[in-house]
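What follows is the content of structure-v2.cif, which has mmCIF, C-alpha atoms:
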```cif
data_final
loop_
_atom_site.group_PDB
_atom_site.id
_atom_site.type_symbol
_atom_site.label_atom_id
_atom_site.label_comp_id
_atom_site.auth_asym_id
_atom_site.auth_seq_id
_atom_site.Cartn_x
_atom_site.Cartn_y
_atom_site.Cartn_z
ATOM 1 C CA SER A 1 71.791 80.429 89.504
ATOM 2 C CA CYS A 2 74.071 78.126 87.532
ATOM 3 C CA PHE A 3 72.040 75.193 88.860
ATOM 4 C CA ASP A 4 69.081 76.227 86.693
ATOM 5 C CA TYR A 5 70.952 76.399 83.388
ATOM 6 C CA TYR A 6 70.418 73.992 80.556
ATOM 7 C CA GLU A 7 72.410 73.558 77.379
ATOM 8 C CA SER A 8 70.294 76.244 75.699
ATOM 9 C CA TYR A 9 71.598 78.853 78.156
ATOM 10 C CA TYR A 10 75.232 78.187 77.251
ATOM 11 C CA HIS A 11 74.344 78.036 73.561
ATOM 12 C CA ALA A 12 72.592 81.431 73.726
ATOM 13 C CA PHE A 13 75.453 82.933 75.722
ATOM 14 C CA LEU A 14 78.062 81.923 73.127
ATOM 15 C CA THR A 15 75.859 83.091 70.254
ATOM 16 C CA GLY A 16 75.434 86.490 71.891
ATOM 17 C CA VAL A 17 79.129 86.943 72.631
ATOM 18 C CA MET A 18 80.186 86.073 69.085
ATOM 19 C CA SER A 19 77.486 88.252 67.522
ATOM 20 C CA GLY A 20 78.628 91.130 69.685
ATOM 21 C CA LEU A 21 82.154 90.762 68.321
ATOM 22 C CA GLY A 22 80.886 91.434 64.798
ATOM 23 C CA TYR A 23 80.933 87.943 63.304
ATOM 24 C CA ARG A 24 78.143 86.459 61.243
ATOM 25 C CA VAL A 25 76.611 83.931 63.621
ATOM 26 C CA LYS A 26 73.999 81.312 62.811
ATOM 27 C CA SER A 27 72.311 79.229 65.456
ATOM 28 C CA ASN A 28 70.937 75.728 64.804
ATOM 29 C CA LYS A 29 71.756 76.050 61.126
ATOM 30 C CA GLU A 30 71.126 73.077 58.881
ATOM 31 C CA MET A 31 74.530 71.736 57.923
ATOM 32 C CA GLY A 32 75.370 68.383 56.393
ATOM 33 C CA ASP A 33 72.981 65.813 57.892
ATOM 34 C CA GLY A 34 71.798 67.805 60.886
ATOM 35 C CA ARG A 35 71.815 71.134 62.675
ATOM 36 C CA ALA A 36 75.026 72.584 64.041
ATOM 37 C CA ASP A 37 74.605 74.439 67.326
ATOM 38 C CA ILE A 38 76.592 77.510 66.297
ATOM 39 C CA VAL A 39 78.244 78.456 63.005
ATOM 40 C CA ILE A 40 80.463 81.531 62.981
ATOM 41 C CA GLN A 41 81.673 83.030 59.725
ATOM 42 C CA ASP A 42 84.379 85.667 59.304
ATOM 43 C CA THR A 43 84.382 86.534 55.619
ATOM 44 C CA SER A 44 87.048 89.237 56.100
ATOM 45 C CA TYR A 45 89.656 86.601 56.948
ATOM 46 C CA ASN A 46 88.010 83.679 55.136
ATOM 47 C CA LYS A 47 87.550 81.688 58.363
ATOM 48 C CA ALA A 48 84.636 79.734 59.801
ATOM 49 C CA MET A 49 83.965 77.934 63.052
ATOM 50 C CA ILE A 50 81.498 75.266 64.101
ATOM 51 C CA ILE A 51 80.704 74.913 67.792
ATOM 52 C CA GLU A 52 78.757 72.008 69.259
ATOM 53 C CA THR A 53 77.800 72.461 72.909
ATOM 54 C CA LYS A 54 76.959 69.899 75.561
ATOM 55 C CA ARG A 55 75.979 70.216 79.211
ATOM 56 C CA THR A 56 76.613 67.747 81.993
ATOM 57 C CA THR A 57 75.549 67.566 85.613
ATOM 58 C CA ASP A 58 78.659 65.509 86.413
ATOM 59 C CA GLU A 59 81.944 67.403 86.143
ATOM 60 C CA SER A 60 83.887 64.186 85.585
ATOM 61 C CA LYS A 61 81.996 63.694 82.294
ATOM 62 C CA LYS A 62 83.113 66.942 80.627
ATOM 63 C CA ASP A 63 85.865 65.215 78.646
ATOM 64 C CA ALA A 64 83.476 62.551 77.342
ATOM 65 C CA MET A 65 80.885 65.205 76.472
ATOM 66 C CA CYS A 66 83.465 67.187 74.479
ATOM 67 C CA ASN A 67 84.344 64.034 72.571
ATOM 68 C CA GLU A 68 80.640 63.378 71.949
ATOM 69 C CA ALA A 69 80.231 66.900 70.554
ATOM 70 C CA LEU A 70 83.183 66.439 68.184
ATOM 71 C CA GLU A 71 81.893 63.037 67.088
ATOM 72 C CA GLN A 72 78.528 64.642 66.346
ATOM 73 C CA ILE A 73 80.220 67.229 64.099
ATOM 74 C CA ILE A 74 81.951 64.423 62.183
ATOM 75 C CA ALA A 75 79.003 61.997 62.027
ATOM 76 C CA ASN A 76 76.571 64.645 60.807
ATOM 77 C CA ARG A 77 79.101 66.156 58.388
ATOM 78 C CA TYR A 78 78.501 69.709 59.677
ATOM 79 C CA ALA A 79 81.754 70.976 58.154
ATOM 80 C CA ASP A 80 81.173 69.678 54.626
ATOM 81 C CA PRO A 81 79.234 72.708 53.283
ATOM 82 C CA LEU A 82 81.955 75.096 54.514
ATOM 83 C CA LYS A 83 85.105 73.258 53.397
ATOM 84 C CA GLU A 84 85.262 74.733 49.892
ATOM 85 C CA GLN A 85 84.119 78.179 51.008
ATOM 86 C CA TYR A 86 86.698 78.933 53.734
ATOM 87 C CA THR A 87 90.471 78.531 53.934
ATOM 88 C CA THR A 88 90.355 77.989 57.700
ATOM 89 C CA LEU A 89 87.650 75.889 59.344
ATOM 90 C CA LEU A 90 87.719 75.194 63.073
ATOM 91 C CA CYS A 91 85.416 72.753 64.849
ATOM 92 C CA TYR A 92 85.003 72.909 68.621
ATOM 93 C CA GLY A 93 83.237 70.716 71.131
ATOM 94 C CA ILE A 94 82.435 72.510 74.372
ATOM 95 C CA ALA A 95 81.156 70.775 77.493
ATOM 96 C CA PHE A 96 79.705 72.875 80.297
ATOM 97 C CA HIS A 97 79.271 72.000 83.936
ATOM 98 C CA LYS A 98 77.791 74.790 86.042
ATOM 99 C CA LYS A 99 80.269 77.676 85.758
ATOM 100 C CA SER A 100 83.105 75.726 84.150
ATOM 101 C CA ALA A 101 83.740 74.585 80.610
ATOM 102 C CA LEU A 102 86.069 72.285 78.716
ATOM 103 C CA VAL A 103 86.843 73.083 75.087
ATOM 104 C CA LYS A 104 88.306 70.697 72.533
ATOM 105 C CA LEU A 105 89.359 71.442 68.978
ATOM 106 C CA LEU A 106 88.777 68.810 66.318
ATOM 107 C CA ALA A 107 92.164 67.860 64.882
ATOM 108 C CA GLU A 108 91.990 66.886 61.251
#
```
Show how you would write the structure in this file as structure tokens.
Amino acid sequence: SCFDYYESYYHAFLTGVMSGLGYRVKSNKEMGDGRADIVIQDTSYNKAMIIETKRTTDESKKDAMCNEALEQIIANRYADPLKEQYTTLLCYGIAFHKKSALVKLLAE
């Protein structure tokens, strides 16, 4: 049931999907001043992605939770170790509520 899921469920789901697609995926990797939820690296195309996930029990808070996830990426400098290594670096905040999700891309 989607009522029993916590943030860790969504985190594990995304990690599994991305690993299955053949990317190098790291979960809770130490980056900058903290631990990024998911780091995906595609060395073939010199691209990397950081995903910070949040879960809310109130659907109206998804937008705020996405913003919180993006602010966490910035505040903890998760992207810093990857900036010189990859030509493309994408940072996403994803907020989940039951079976729905809102995704925001950090615009730099």
* Asked: Counting all atoms listed in the file, which residues come within 10 Å of (87.9, 70.8, 81.5), with the point read in the file's coordinates, and could you list them as number ranges by chain?
  -> A: 59-63, 66, 94-97, 100-104
Export C-alpha atoms of the chosen residues as a PDB file, in the frame of the given file?
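Full text of result_34.pdb as output:
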```pdb
ATOM      1  CA  GLU A  59      81.944  67.403  86.143  1.00  0.00           C
ATOM      2  CA  SER A  60      83.887  64.186  85.585  1.00  0.00           C
ATOM      3  CA  LYS A  61      81.996  63.694  82.294  1.00  0.00           C
ATOM      4  CA  LYS A  62      83.113  66.942  80.627  1.00  0.00           C
ATOM      5  CA  ASP A  63      85.865  65.215  78.646  1.00  0.00           C
ATOM      6  CA  CYS A  66      83.465  67.187  74.479  1.00  0.00           C
ATOM      7  CA  ILE A  94      82.435  72.510  74.372  1.00  0.00           C
ATOM      8  CA  ALA A  95      81.156  70.775  77.493  1.00  0.00           C
ATOM      9  CA  PHE A  96      79.705  72.875  80.297  1.00  0.00           C
ATOM     10  CA  HIS A  97      79.271  72.000  83.936  1.00  0.00           C
ATOM     11  CA  SER A 100      83.105  75.726  84.150  1.00  0.00           C
ATOM     12  CA  ALA A 101      83.740  74.585  80.610  1.00  0.00           C
ATOM     13  CA  LEU A 102      86.069  72.285  78.716  1.00  0.00           C
ATOM     14  CA  VAL A 103      86.843  73.083  75.087  1.00  0.00           C
ATOM     15  CA  LYS A 104      88.306  70.697  72.533  1.00  0.00           C
TER      16      LYS A 104
END
```
* Asked: What does the distance between atom CA of Cys91 of chain A and atom CA of Ile73 of chain A come to in Å, to one decimal place?
  ->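 Calculated distance between atom CA of Cys91 of chain A and atom CA of Ile73 of chain A is 7.6 Å.
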* Starting from the shown file, work through the PyMOL selection byres ((chain A and resi 26) around 12) and note down what comes out as a PyMOL selection string. => chain A and resi 11-12+14-16+18-19+23-25+27-31+35-42+48-51
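Taking atom CA of Gly34 of chain A and atom CA of Val17 of chain A as the two end points, the separation is 23.6 Å.
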Could you work out an axis-aligned box for segment 83-94 of chain A, taking every atom the file lists and adding 3 Å on each side, and report centre and edge lengths in Å to one decimal, as JSON?
```
{"center_x": 86.5, "center_y": 74.8, "center_z": 62.1, "size_x": 14.0, "size_y": 14.2, "size_z": 30.5}
```
N, CA, C and O atoms are what I want for segment 62-76 of chain A; can you complete it accordingly and write them as a tab-separated table (two decimals), in the frame of the given file?
```
chain	number	residue	atom	x	y	z
A	62	LYS	N	82.87	65.87	81.61
A	62	LYS	CA	83.11	66.94	80.63
A	62	LYS	C	83.96	66.47	79.45
A	62	LYS	O	83.65	66.79	78.31
A	63	ASP	N	85.00	65.70	79.72
A	63	ASP	CA	85.86	65.22	78.65
A	63	ASP	C	85.08	64.35	77.67
A	63	ASP	O	85.18	64.52	76.45
A	64	ALA	N	84.29	63.43	78.19
A	64	ALA	CA	83.48	62.55	77.34
A	64	ALA	C	82.44	63.35	76.55
A	64	ALA	O	82.18	63.04	75.38
A	65	MET	N	81.89	64.39	77.16
A	65	MET	CA	80.89	65.20	76.47
A	65	MET	C	81.52	66.02	75.34
A	65	MET	O	80.91	66.19	74.28
A	66	CYS	N	82.74	66.50	75.56
A	66	CYS	CA	83.46	67.19	74.48
A	66	CYS	C	83.70	66.24	73.31
A	66	CYS	O	83.49	66.61	72.15
A	67	ASN	N	84.12	65.03	73.62
A	67	ASN	CA	84.34	64.03	72.57
A	67	ASN	C	83.05	63.72	71.83
A	67	ASN	O	83.04	63.57	70.62
A	68	GLU	N	81.95	63.63	72.57
A	68	GLU	CA	80.64	63.38	71.95
A	68	GLU	C	80.27	64.52	71.00
A	68	GLU	O	79.75	64.28	69.90
A	69	ALA	N	80.53	65.75	71.41
A	69	ALA	CA	80.23	66.90	70.55
A	69	ALA	C	81.05	66.85	69.26
A	69	ALA	O	80.52	67.07	68.17
A	70	LEU	N	82.33	66.53	69.38
A	70	LEU	CA	83.18	66.44	68.18
A	70	LEU	C	82.76	65.29	67.28
A	70	LEU	O	82.74	65.43	66.05
A	71	GLU	N	82.39	64.18	67.87
A	71	GLU	CA	81.89	63.04	67.09
A	71	GLU	C	80.60	63.39	66.36
A	71	GLU	O	80.38	62.96	65.23
A	72	GLN	N	79.77	64.20	66.99
A	72	GLN	CA	78.53	64.64	66.35
A	72	GLN	C	78.84	65.51	65.12
A	72	GLN	O	78.18	65.38	64.08
A	73	ILE	N	79.83	66.38	65.23
A	73	ILE	CA	80.22	67.23	64.10
A	73	ILE	C	80.67	66.35	62.93
A	73	ILE	O	80.29	66.60	61.78
A	74	ILE	N	81.45	65.32	63.23
A	74	ILE	CA	81.95	64.42	62.18
A	74	ILE	C	80.82	63.57	61.60
A	74	ILE	O	80.65	63.50	60.39
A	75	ALA	N	80.05	62.92	62.47
A	75	ALA	CA	79.00	62.00	62.03
A	75	ALA	C	77.93	62.69	61.18
A	75	ALA	O	77.43	62.11	60.22
A	76	ASN	N	77.61	63.92	61.54
A	76	ASN	CA	76.57	64.64	60.81
A	76	ASN	C	77.13	65.53	59.70
A	76	ASN	O	76.38	66.28	59.07
```
